[in-house]
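Comments concern the structure below.
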Amino acid sequence: MNDKLEYFIKRLILGVFVVLAASVLIFTIMQLMPGDPVQLISNPRVSPKKLEELRQLWGLDKPAYIQYFYWASRVFRGDFGASITTGQQVARLIKSRLPYTLLLTGSSLFLQYIIAVPLGLFAAVRKNSKTDGILIVLTIVLWSMPSFWLGILFMYIFGIWLKVLPLSGYSGLSSLILPLATMTLPSLATQFRLTRSEVLEVLREKYVLTAYSKGLKRLRVLYLHVLRNALIPVTVMFFLSLPWLIGGSVIIESIFAWPGMGNLLWKAIASQDYPVVQGIVLIIAVLTVISNIVGDIIS
């Protein structure tokens with residue numbers, strides 16, 4: 001058997017166990033959360049008998065391990081169950097929110113790549129220059145800013161003070177600008193620093209010095225020899241960032257009332273809507289496994 005194929009199969013099997021472990025972990029955490037989801041969504045005047053009927057309806061009266069295996073068996077059939085708070089199918093809820101999250105995270109990843117890579121290369125080539133120093137300081141500031149604080153700052157400046165951009169929700173592409181900037185800038189700083197450090201490492205390699213000694217033009221050496229090799233870890237990080245961006249979009253989507261999966265996850269956690277939380281976390285776990293496998297294959 002081909003070594004790469006064998007490695008891929010091993011990673012795939014390991015990924016299945018990771019997804020199962022993630023599903024068990026989130027299920028256990030939801031079970032340990034204080035409060036009763038039935039009481040949270042019910043009228044305070046509802047009788048104890050009615051509450052018990054609702055618990056039986058949602059299967060919440062059964063032991064935790066039975067609830068888990070019942071849920072897992074339905075997931076294998078493509079059924080994520082129904083939301084406790086709205087009664088809608090979880091798969092339909094996620095399907096309606098997923099395009100908005102992919103629009104936000106996909107645009108963020110694209111901007112990170114096309115901006116951070118050229119800037120990282122430029123800063124590495126001009127190491128210890130004034131421009132390099134300014135870029136490093138700027139990226140450190142952006143990287144250290146909490147996303148929720150940056151988002152609130154943007155809302156105040158562009159939404160309340162200047163009144164040029166929508167504050168929240170989705171009413172067209174203009175609504176994308178503020179959450180996209182909030183998500184992209186701190187991550188862009190990380191990609192910039194990674195690109196810069198990788199380019200500096202490659203510039204010290206002997207084959208780069210040999211290429212210069214042969215009289216090759218500087219731009220040719222930079223793009224064909226330096227950048228091509230330096231982009232390998234950057235590209236791997238590009239794929240690994242996707243699931244973390246989706247998971248990390250919870251705060252940003254909540255701040256801007258963005259109708260994506262992150263906002264849905266936050267509301268589901270607050271209302272202890274087990275099926276919705278488990279469904280979204282399972283999707284994030286699957287995306288993480290796939291991204292790791294793709295990143296390993298590329299590297």
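Numbering starts fresh at 1 for the residues of each chain in the structure tokens, the chains themselves are lettered A, B, ... in the order given, and ligands are numbered from 1 as they appear.
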Open item on the list: DSSP on the backbone, alpha helix (DSSP H) only: what residues of segment 3-146 of chain A does that give? Format it as an NGL selection string.
Closed with: :A and (3-32 or 37-41 or 48-58 or 64-76 or 90-125 or 130-144)
Please provide the set of residues having any atom within 12 Å of Val75 of chain A, restricted to only C-alpha atoms, with same-chain residues fewer than 6 positions apart removed, written as a PDB file with all heavy atoms, in the first residue's frame.
ATOM      1  N   LEU A  20     -16.071  11.576  17.421  1.00  0.00           N
ATOM      2  CA  LEU A  20     -16.857  10.884  18.442  1.00  0.00           C
ATOM      3  C   LEU A  20     -16.557  11.431  19.837  1.00  0.00           C
ATOM      4  O   LEU A  20     -17.472  11.665  20.634  1.00  0.00           O
ATOM      5  CB  LEU A  20     -16.563   9.379  18.396  1.00  0.00           C
ATOM      6  CG  LEU A  20     -17.153   8.606  17.215  1.00  0.00           C
ATOM      7  CD1 LEU A  20     -16.652   7.172  17.212  1.00  0.00           C
ATOM      8  CD2 LEU A  20     -18.677   8.633  17.263  1.00  0.00           C
ATOM      9  N   SER A  23     -18.145  14.813  20.267  1.00  0.00           N
ATOM     10  CA  SER A  23     -19.598  14.728  20.468  1.00  0.00           C
ATOM     11  C   SER A  23     -19.927  14.283  21.889  1.00  0.00           C
ATOM     12  O   SER A  23     -20.862  14.811  22.507  1.00  0.00           O
ATOM     13  CB  SER A  23     -20.210  13.762  19.453  1.00  0.00           C
ATOM     14  OG  SER A  23     -19.767  12.432  19.679  1.00  0.00           O
ATOM     15  N   TYR A  68     -27.674  10.063  24.622  1.00  0.00           N
ATOM     16  CA  TYR A  68     -26.567  10.210  23.672  1.00  0.00           C
ATOM     17  C   TYR A  68     -26.665   9.184  22.555  1.00  0.00           C
ATOM     18  O   TYR A  68     -26.540   9.528  21.353  1.00  0.00           O
ATOM     19  CB  TYR A  68     -25.214  10.066  24.374  1.00  0.00           C
ATOM     20  CG  TYR A  68     -24.056  10.046  23.400  1.00  0.00           C
ATOM     21  CD1 TYR A  68     -23.589  11.232  22.837  1.00  0.00           C
ATOM     22  CD2 TYR A  68     -23.465   8.849  23.011  1.00  0.00           C
ATOM     23  CE1 TYR A  68     -22.552  11.227  21.927  1.00  0.00           C
ATOM     24  CE2 TYR A  68     -22.428   8.839  22.091  1.00  0.00           C
ATOM     25  CZ  TYR A  68     -21.976  10.024  21.549  1.00  0.00           C
ATOM     26  OH  TYR A  68     -20.954  10.004  20.632  1.00  0.00           O
ATOM     27  N   PHE A  69     -26.841   7.919  22.868  1.00  0.00           N
ATOM     28  CA  PHE A  69     -26.882   6.882  21.838  1.00  0.00           C
ATOM     29  C   PHE A  69     -28.107   7.044  20.934  1.00  0.00           C
ATOM     30  O   PHE A  69     -28.028   6.768  19.728  1.00  0.00           O
ATOM     31  CB  PHE A  69     -26.880   5.488  22.484  1.00  0.00           C
ATOM     32  CG  PHE A  69     -25.528   5.073  22.982  1.00  0.00           C
ATOM     33  CD1 PHE A  69     -25.286   4.921  24.340  1.00  0.00           C
ATOM     34  CD2 PHE A  69     -24.482   4.849  22.101  1.00  0.00           C
ATOM     35  CE1 PHE A  69     -24.034   4.553  24.806  1.00  0.00           C
ATOM     36  CE2 PHE A  69     -23.224   4.477  22.562  1.00  0.00           C
ATOM     37  CZ  PHE A  69     -23.001   4.325  23.913  1.00  0.00           C
ATOM     38  N   GLY A  81     -32.143  15.853  14.711  1.00  0.00           N
ATOM     39  CA  GLY A  81     -33.193  16.111  15.693  1.00  0.00           C
ATOM     40  C   GLY A  81     -33.849  17.465  15.488  1.00  0.00           C
ATOM     41  O   GLY A  81     -33.632  18.145  14.486  1.00  0.00           O
ATOM     42  N   ALA A  82     -34.655  17.861  16.451  1.00  0.00           N
ATOM     43  CA  ALA A  82     -35.383  19.125  16.380  1.00  0.00           C
ATOM     44  C   ALA A  82     -34.977  20.032  17.532  1.00  0.00           C
ATOM     45  O   ALA A  82     -34.618  19.570  18.619  1.00  0.00           O
ATOM     46  CB  ALA A  82     -36.891  18.873  16.431  1.00  0.00           C
ATOM     47  N   VAL A  90     -33.024  20.711  13.255  1.00  0.00           N
ATOM     48  CA  VAL A  90     -31.697  21.306  13.442  1.00  0.00           C
ATOM     49  C   VAL A  90     -30.967  21.418  12.109  1.00  0.00           C
ATOM     50  O   VAL A  90     -30.310  22.431  11.832  1.00  0.00           O
ATOM     51  CB  VAL A  90     -30.867  20.463  14.437  1.00  0.00           C
ATOM     52  CG1 VAL A  90     -29.440  20.989  14.519  1.00  0.00           C
ATOM     53  CG2 VAL A  90     -31.520  20.492  15.811  1.00  0.00           C
ATOM     54  N   ALA A  91     -31.096  20.377  11.267  1.00  0.00           N
ATOM     55  CA  ALA A  91     -30.423  20.400   9.964  1.00  0.00           C
ATOM     56  C   ALA A  91     -30.904  21.582   9.128  1.00  0.00           C
ATOM     57  O   ALA A  91     -30.106  22.246   8.450  1.00  0.00           O
ATOM     58  CB  ALA A  91     -30.674  19.092   9.227  1.00  0.00           C
ATOM     59  N   PRO A 275     -29.986  19.813  21.109  1.00  0.00           N
ATOM     60  CA  PRO A 275     -29.817  19.335  19.734  1.00  0.00           C
ATOM     61  C   PRO A 275     -29.082  20.321  18.829  1.00  0.00           C
ATOM     62  O   PRO A 275     -28.250  19.922  18.009  1.00  0.00           O
ATOM     63  CB  PRO A 275     -31.261  19.109  19.259  1.00  0.00           C
ATOM     64  CG  PRO A 275     -32.037  18.891  20.501  1.00  0.00           C
ATOM     65  CD  PRO A 275     -31.409  19.787  21.513  1.00  0.00           C
ATOM     66  N   GLN A 278     -25.286  20.485  19.890  1.00  0.00           N
ATOM     67  CA  GLN A 278     -24.593  19.261  19.498  1.00  0.00           C
ATOM     68  C   GLN A 278     -24.404  19.198  17.981  1.00  0.00           C
ATOM     69  O   GLN A 278     -23.355  18.783  17.495  1.00  0.00           O
ATOM     70  CB  GLN A 278     -25.381  18.046  19.996  1.00  0.00           C
ATOM     71  CG  GLN A 278     -25.329  17.888  21.503  1.00  0.00           C
ATOM     72  CD  GLN A 278     -26.448  17.035  22.062  1.00  0.00           C
ATOM     73  OE1 GLN A 278     -26.647  16.966  23.265  1.00  0.00           O
ATOM     74  NE2 GLN A 278     -27.211  16.375  21.199  1.00  0.00           N
ATOM     75  N   GLY A 279     -25.417  19.638  17.226  1.00  0.00           N
ATOM     76  CA  GLY A 279     -25.314  19.612  15.774  1.00  0.00           C
ATOM     77  C   GLY A 279     -24.226  20.537  15.250  1.00  0.00           C
ATOM     78  O   GLY A 279     -23.422  20.158  14.398  1.00  0.00           O
ATOM     79  N   LEU A 282     -20.708  19.344  16.287  1.00  0.00           N
ATOM     80  CA  LEU A 282     -20.340  18.188  15.471  1.00  0.00           C
ATOM     81  C   LEU A 282     -19.834  18.631  14.101  1.00  0.00           C
ATOM     82  O   LEU A 282     -18.828  18.103  13.598  1.00  0.00           O
ATOM     83  CB  LEU A 282     -21.538  17.251  15.308  1.00  0.00           C
ATOM     84  CG  LEU A 282     -21.264  15.938  14.562  1.00  0.00           C
ATOM     85  CD1 LEU A 282     -20.309  15.059  15.363  1.00  0.00           C
ATOM     86  CD2 LEU A 282     -22.558  15.195  14.284  1.00  0.00           C
ATOM     87  N   ILE A 283     -20.489  19.608  13.496  1.00  0.00           N
ATOM     88  CA  ILE A 283     -20.052  20.122  12.194  1.00  0.00           C
ATOM     89  C   ILE A 283     -18.681  20.770  12.309  1.00  0.00           C
ATOM     90  O   ILE A 283     -17.804  20.575  11.451  1.00  0.00           O
ATOM     91  CB  ILE A 283     -21.092  21.123  11.643  1.00  0.00           C
ATOM     92  CG1 ILE A 283     -22.352  20.374  11.231  1.00  0.00           C
ATOM     93  CG2 ILE A 283     -20.524  21.905  10.466  1.00  0.00           C
ATOM     94  CD1 ILE A 283     -23.476  21.265  10.781  1.00  0.00           C
TER      95      ILE A 283
END
Task: Residue contacts of segment 189-200 of chain A (7 Å, only C-alpha atoms) excluding same-chain residues fewer than 6 positions away, as a ChimeraX atom specification - done: /A:112,116-117,119-121,123-124,139-140,142-143,226-227,230,234
Open item on the list: Env of segment 4-13 of chain A: 12 Å cut, atoms = only C-alpha atoms, seq-sep filter 5 positions within chain, self excluded. Answer as a PyMOL selection string.
Closed with: chain A and resi 18-20+286+288-299
Hey, can you spit out that residue selection with C-alpha atoms as an mmCIF file, in the first residue's frame?
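Dumped to selection23.cif:
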data_model
loop_
_atom_site.group_PDB
_atom_site.id
_atom_site.type_symbol
_atom_site.label_atom_id
_atom_site.label_comp_id
_atom_site.auth_asym_id
_atom_site.auth_seq_id
_atom_site.Cartn_x
_atom_site.Cartn_y
_atom_site.Cartn_z
ATOM 1 C CA VAL A 18 -11.818 12.695 17.418
ATOM 2 C CA VAL A 19 -15.327 13.532 16.161
ATOM 3 C CA LEU A 20 -16.857 10.884 18.442
ATOM 4 C CA VAL A 286 -15.848 17.398 11.246
ATOM 5 C CA THR A 288 -11.521 20.518 11.956
ATOM 6 C CA VAL A 289 -10.694 16.904 11.090
ATOM 7 C CA ILE A 290 -11.031 17.512 7.338
ATOM 8 C CA SER A 291 -8.894 20.666 7.531
ATOM 9 C CA ASN A 292 -6.186 18.846 9.490
ATOM 10 C CA ILE A 293 -6.108 16.012 6.953
ATOM 11 C CA VAL A 294 -5.918 18.423 4.004
ATOM 12 C CA GLY A 295 -3.194 20.411 5.772
ATOM 13 C CA ASP A 296 -1.169 17.234 6.425
ATOM 14 C CA ILE A 297 -1.477 16.130 2.795
ATOM 15 C CA ILE A 298 -0.316 19.525 1.526
ATOM 16 C CA SER A 299 2.640 19.638 3.902
#
TODO: Considering only C-alpha atoms, return as a ChimeraX atom specification whatever protein or nucleic-acid residues lie within 7 Å of Trp266 of chain A, sequence-local ones (same chain, fewer than 4 positions apart) excluded.
DONE: /A:250,262,270
Restricting the output to all heavy atoms, write the selected residues as a PDB file, in the first residue's frame.
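Saved result, selection-v7.pdb, follows:
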ATOM      1  N   VAL A 250     -18.500  33.049  16.937  1.00  0.00           N
ATOM      2  CA  VAL A 250     -19.627  33.155  17.877  1.00  0.00           C
ATOM      3  C   VAL A 250     -19.715  34.567  18.451  1.00  0.00           C
ATOM      4  O   VAL A 250     -20.785  35.193  18.455  1.00  0.00           O
ATOM      5  CB  VAL A 250     -19.490  32.124  19.016  1.00  0.00           C
ATOM      6  CG1 VAL A 250     -20.569  32.351  20.073  1.00  0.00           C
ATOM      7  CG2 VAL A 250     -19.587  30.704  18.475  1.00  0.00           C
ATOM      8  N   GLY A 262     -22.588  30.911  14.257  1.00  0.00           N
ATOM      9  CA  GLY A 262     -22.031  31.342  15.535  1.00  0.00           C
ATOM     10  C   GLY A 262     -23.082  31.976  16.420  1.00  0.00           C
ATOM     11  O   GLY A 262     -23.168  31.686  17.622  1.00  0.00           O
ATOM     12  N   ALA A 270     -27.283  29.505  25.439  1.00  0.00           N
ATOM     13  CA  ALA A 270     -27.984  30.290  26.463  1.00  0.00           C
ATOM     14  C   ALA A 270     -29.316  29.652  26.857  1.00  0.00           C
ATOM     15  O   ALA A 270     -29.731  29.727  28.023  1.00  0.00           O
ATOM     16  CB  ALA A 270     -28.212  31.710  25.967  1.00  0.00           C
TER      17      ALA A 270
END
Task: Distance of atom CA of Ile157 of chain A from atom CA of Leu102 of chain A, expressed in Å to one decimal place - done: 26.1 Å
